[in-house]
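This report concerns only the one structure given below.
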Amino acid sequence: MNDFTYLDGVLHAEAVPFLALADRFGTPLYVYSTRSVISRCRQIEHALGDLPHLAYYAVKANANRALLRLIAGERFGADVGSRGELYLALEAGFPPSTITFSGVGKRDDEIAYALARGIRAFNVESREEIDELNAIAGRMNMRAHMLVRANLDIDAGGHAYVSTSKTAEQIRHSV
């Protein structure tokens, strides 16, 4: 299946010539294939089969509203990294119970906003983050659900500055 293809030397998206899209909408123009997005979501779901799971889309990858609505319609979860991304995910139709909030440096107002909307969980990376999240939830008379990111101390290779599984001390010694 290829929803982007050349027909008689002209690039098409789902059988619509790109030139016709450019004439109608102007340029620059981002073109997505609804069929491709839905097909990829369904391939992931099919691969996971009957295993209990919830596949997540990282909103930071592309926060296009139409794209988010398509993915939400396929019953995926959303992983957000900011209040703005959370707002877009909710607006696109992702149920709060399918949204996780990731990333370091979450602001107190973002945490409170997410808690008030009943998201599924926060991905946390440090004891300090756990303590802060608990404090904010406590002030709101709520309980925060957390997923803990573990540092397994595995060096996957590559440059030390982009390492995601080594301690700061290990990185300093490898540079």
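Letters A, B, ... go to the chains of the structure tokens in the order shown; residues in each chain start at 1; ligands are counted from 1 in the same order.
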
DSSP-assigned helix (DSSP H, G or I) members of chain A, reported as a PyMOL selection string: chain A and resi 18-25+34-48+59-61+65-73+83-92+96-98+108-116+127-139+160-162+168-174

Applying 9 Å and only C-alpha atoms, which residues near Ile136 of chain A remain after dropping the ones on its own chain fewer than 4 positions away? List them as a short mmCIF file (atom, residue, chain, number, x, y, z; two decimals) with N, CA and C atoms, in the first residue's frame.
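Listing of selection_33.cif after writing:
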```cif
data_model
loop_
_atom_site.label_atom_id
_atom_site.label_comp_id
_atom_site.auth_asym_id
_atom_site.auth_seq_id
_atom_site.Cartn_x
_atom_site.Cartn_y
_atom_site.Cartn_z
N ASP A 108 4.63 23.71 37.56
CA ASP A 108 3.55 23.45 38.52
C ASP A 108 2.18 23.69 37.91
N ILE A 111 1.25 20.77 35.70
CA ILE A 111 0.88 19.60 36.49
C ILE A 111 -0.54 19.75 37.03
N ALA A 112 -0.84 20.93 37.57
CA ALA A 112 -2.19 21.18 38.10
C ALA A 112 -3.24 21.09 36.99
N LEU A 115 -3.69 17.38 36.19
CA LEU A 115 -4.41 16.70 37.27
C LEU A 115 -5.90 17.04 37.23
N ASP A 131 8.20 13.91 44.38
CA ASP A 131 7.82 14.71 45.55
C ASP A 131 7.01 15.94 45.15
N GLU A 132 7.44 16.62 44.10
CA GLU A 132 6.72 17.83 43.65
C GLU A 132 5.33 17.47 43.14
N MET A 140 -4.37 19.80 45.87
CA MET A 140 -5.62 19.74 45.11
C MET A 140 -6.54 18.64 45.64
N ASN A 141 -6.15 17.99 46.72
CA ASN A 141 -6.91 16.85 47.26
C ASN A 141 -7.11 15.76 46.22
N MET A 142 -6.05 15.48 45.48
CA MET A 142 -6.09 14.47 44.43
C MET A 142 -4.92 13.51 44.61
N ALA A 144 -2.04 11.61 42.30
CA ALA A 144 -1.40 11.59 40.99
C ALA A 144 -0.94 10.18 40.67
#
```

Nearest to Ala78 of chain A, restricted to only C-alpha atoms and choosing among A:Leu48, A:Ile154, A:Ala121, A:Val148, comes out as A:Ala121

What is the atom CA of Gly93 of chain A to atom CA of Arg107 of chain A distance in Å?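 Separating atom CA of Gly93 of chain A from atom CA of Arg107 of chain A is a distance of 23.9 Å.
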
For segment 6-19 of chain A, list every protein, DNA or RNA residue within 9 Å, evaluated using only C-alpha atoms, and leave out those in the same chain fewer than 6 positions away; present the list as a list in words. Val31, Tyr32, Ser33, Thr34 and Arg35 of chain A

How would the residues just picked look written out with C-alpha atoms as a PDB file, in the first residue's frame?
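Saved the output as selection-v3.pdb:
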```pdb
ATOM      1  CA  VAL A  31       0.004  16.784   2.809  1.00  0.00           C
ATOM      2  CA  TYR A  32      -0.998  13.751   4.863  1.00  0.00           C
ATOM      3  CA  SER A  33      -2.767  10.608   3.798  1.00  0.00           C
ATOM      4  CA  THR A  34      -5.759   9.732   5.955  1.00  0.00           C
ATOM      5  CA  ARG A  35      -5.612   6.166   4.662  1.00  0.00           C
TER       6      ARG A  35
END
```

Nearest to Asn64 of chain A by atom-to-atom distance, counting only C-alpha atoms, from A:Glu91, A:Thr5, A:Thr98, A:Glu128: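 Of A:Glu91, A:Thr5, A:Thr98, A:Glu128, the one nearest Asn64 of chain A is A:Glu91, counting only C-alpha atoms.
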
Please give the complete set of residues from segment 49-134 of chain A that DSSP, run on the backbone, assigns to strand (DSSP E or B), formatted as number ranges by chain. A: 56-58, 77-80, 99-101, 121-124

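Counting only C-alpha atoms and comparing A:Ile99, A:Ala114, A:Ala61, A:Leu54, the residue that lies closest to Arg83 of chain A is A:Ala114.
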
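For Glu74 of chain A, the non-local neighbours within 8 Å, defined as residues at least 6 positions apart in the same chain or in other chains and counting only C-alpha atoms, are Ile38, Cys41 and Arg42 of chain A.
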
Distance in Å - atom CA of Arg65 of chain A versus atom CA of Gly105 of chain A: 24.7 Å

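The list of residues with at least one atom within 12 Å of Tyr87 of chain A, based on only C-alpha atoms and without residues fewer than 5 positions apart in the same chain, reads Val59, Ala63, Arg65, Leu68, Ala78, Asp79, Val80, Gly81, Ser82, Ala92, Gly93, Phe94, Pro95, Pro96, Ile99, Phe101, Glu110, Tyr113, Ala114, Arg117 and Ile119 of chain A.
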
I need the chosen residues saved as a PDB file, in the first residue's frame, with N, CA and C atoms.
```pdb
ATOM      1  N   VAL A  59       2.646  13.315  20.910  1.00  0.00           N
ATOM      2  CA  VAL A  59       2.115  14.530  20.287  1.00  0.00           C
ATOM      3  C   VAL A  59       3.240  15.443  19.812  1.00  0.00           C
ATOM      4  N   ALA A  63       1.837  17.812  16.016  1.00  0.00           N
ATOM      5  CA  ALA A  63       0.623  18.212  16.726  1.00  0.00           C
ATOM      6  C   ALA A  63      -0.443  18.772  15.795  1.00  0.00           C
ATOM      7  N   ARG A  65      -3.727  19.258  14.180  1.00  0.00           N
ATOM      8  CA  ARG A  65      -5.032  18.934  14.774  1.00  0.00           C
ATOM      9  C   ARG A  65      -5.782  17.845  14.019  1.00  0.00           C
ATOM     10  N   LEU A  68      -4.115  14.541  14.774  1.00  0.00           N
ATOM     11  CA  LEU A  68      -4.448  14.093  16.128  1.00  0.00           C
ATOM     12  C   LEU A  68      -5.857  13.514  16.190  1.00  0.00           C
ATOM     13  N   ALA A  78      -2.433   9.364  23.993  1.00  0.00           N
ATOM     14  CA  ALA A  78      -1.554  10.469  23.612  1.00  0.00           C
ATOM     15  C   ALA A  78      -0.527  10.685  24.718  1.00  0.00           C
ATOM     16  N   ASP A  79       0.724  10.835  24.322  1.00  0.00           N
ATOM     17  CA  ASP A  79       1.764  11.208  25.263  1.00  0.00           C
ATOM     18  C   ASP A  79       2.112  12.660  24.976  1.00  0.00           C
ATOM     19  N   VAL A  80       1.928  13.521  25.991  1.00  0.00           N
ATOM     20  CA  VAL A  80       2.138  14.951  25.817  1.00  0.00           C
ATOM     21  C   VAL A  80       3.332  15.410  26.636  1.00  0.00           C
ATOM     22  N   GLY A  81       3.881  16.555  26.263  1.00  0.00           N
ATOM     23  CA  GLY A  81       5.025  17.093  26.966  1.00  0.00           C
ATOM     24  C   GLY A  81       4.852  18.526  27.414  1.00  0.00           C
ATOM     25  N   SER A  82       3.629  19.056  27.290  1.00  0.00           N
ATOM     26  CA  SER A  82       3.372  20.426  27.716  1.00  0.00           C
ATOM     27  C   SER A  82       1.862  20.629  27.873  1.00  0.00           C
ATOM     28  N   ALA A  92      -8.638  17.182  20.396  1.00  0.00           N
ATOM     29  CA  ALA A  92      -8.694  16.217  19.289  1.00  0.00           C
ATOM     30  C   ALA A  92      -9.546  14.998  19.628  1.00  0.00           C
ATOM     31  N   GLY A  93      -9.885  14.830  20.907  1.00  0.00           N
ATOM     32  CA  GLY A  93     -10.745  13.715  21.265  1.00  0.00           C
ATOM     33  C   GLY A  93     -10.084  12.588  22.023  1.00  0.00           C
ATOM     34  N   PHE A  94      -8.832  12.749  22.422  1.00  0.00           N
ATOM     35  CA  PHE A  94      -8.212  11.726  23.259  1.00  0.00           C
ATOM     36  C   PHE A  94      -8.855  11.809  24.641  1.00  0.00           C
ATOM     37  N   PRO A  95      -9.439  10.724  25.141  1.00  0.00           N
ATOM     38  CA  PRO A  95      -9.985  10.754  26.503  1.00  0.00           C
ATOM     39  C   PRO A  95      -8.859  10.997  27.507  1.00  0.00           C
ATOM     40  N   PRO A  96      -9.103  11.786  28.549  1.00  0.00           N
ATOM     41  CA  PRO A  96      -8.054  12.021  29.553  1.00  0.00           C
ATOM     42  C   PRO A  96      -7.468  10.728  30.104  1.00  0.00           C
ATOM     43  N   ILE A  99      -4.224   9.618  28.341  1.00  0.00           N
ATOM     44  CA  ILE A  99      -3.156  10.604  28.135  1.00  0.00           C
ATOM     45  C   ILE A  99      -2.108  10.489  29.248  1.00  0.00           C
ATOM     46  N   PHE A 101       1.687  12.317  30.571  1.00  0.00           N
ATOM     47  CA  PHE A 101       2.449  13.568  30.490  1.00  0.00           C
ATOM     48  C   PHE A 101       3.906  13.228  30.759  1.00  0.00           C
ATOM     49  N   GLU A 110       1.322  23.391  34.804  1.00  0.00           N
ATOM     50  CA  GLU A 110       1.040  22.310  33.856  1.00  0.00           C
ATOM     51  C   GLU A 110       0.586  21.058  34.595  1.00  0.00           C
ATOM     52  N   TYR A 113      -2.936  21.638  35.840  1.00  0.00           N
ATOM     53  CA  TYR A 113      -3.850  21.591  34.693  1.00  0.00           C
ATOM     54  C   TYR A 113      -4.138  20.132  34.304  1.00  0.00           C
ATOM     55  N   ALA A 114      -3.088  19.320  34.244  1.00  0.00           N
ATOM     56  CA  ALA A 114      -3.241  17.908  33.855  1.00  0.00           C
ATOM     57  C   ALA A 114      -4.006  17.127  34.920  1.00  0.00           C
ATOM     58  N   ARG A 117      -7.674  17.695  34.810  1.00  0.00           N
ATOM     59  CA  ARG A 117      -8.349  17.076  33.666  1.00  0.00           C
ATOM     60  C   ARG A 117      -8.367  15.562  33.762  1.00  0.00           C
ATOM     61  N   ILE A 119      -5.846  13.143  33.743  1.00  0.00           N
ATOM     62  CA  ILE A 119      -5.055  12.311  32.831  1.00  0.00           C
ATOM     63  C   ILE A 119      -4.687  10.992  33.494  1.00  0.00           C
TER      64      ILE A 119
END
```

Residue neighbourhood Arg127 of chain A, 12 Å, only C-alpha atoms, exclusion window fewer than 6 positions, as JSON, numbers by chain: {"A": [133, 134, 146, 148, 149, 150]}
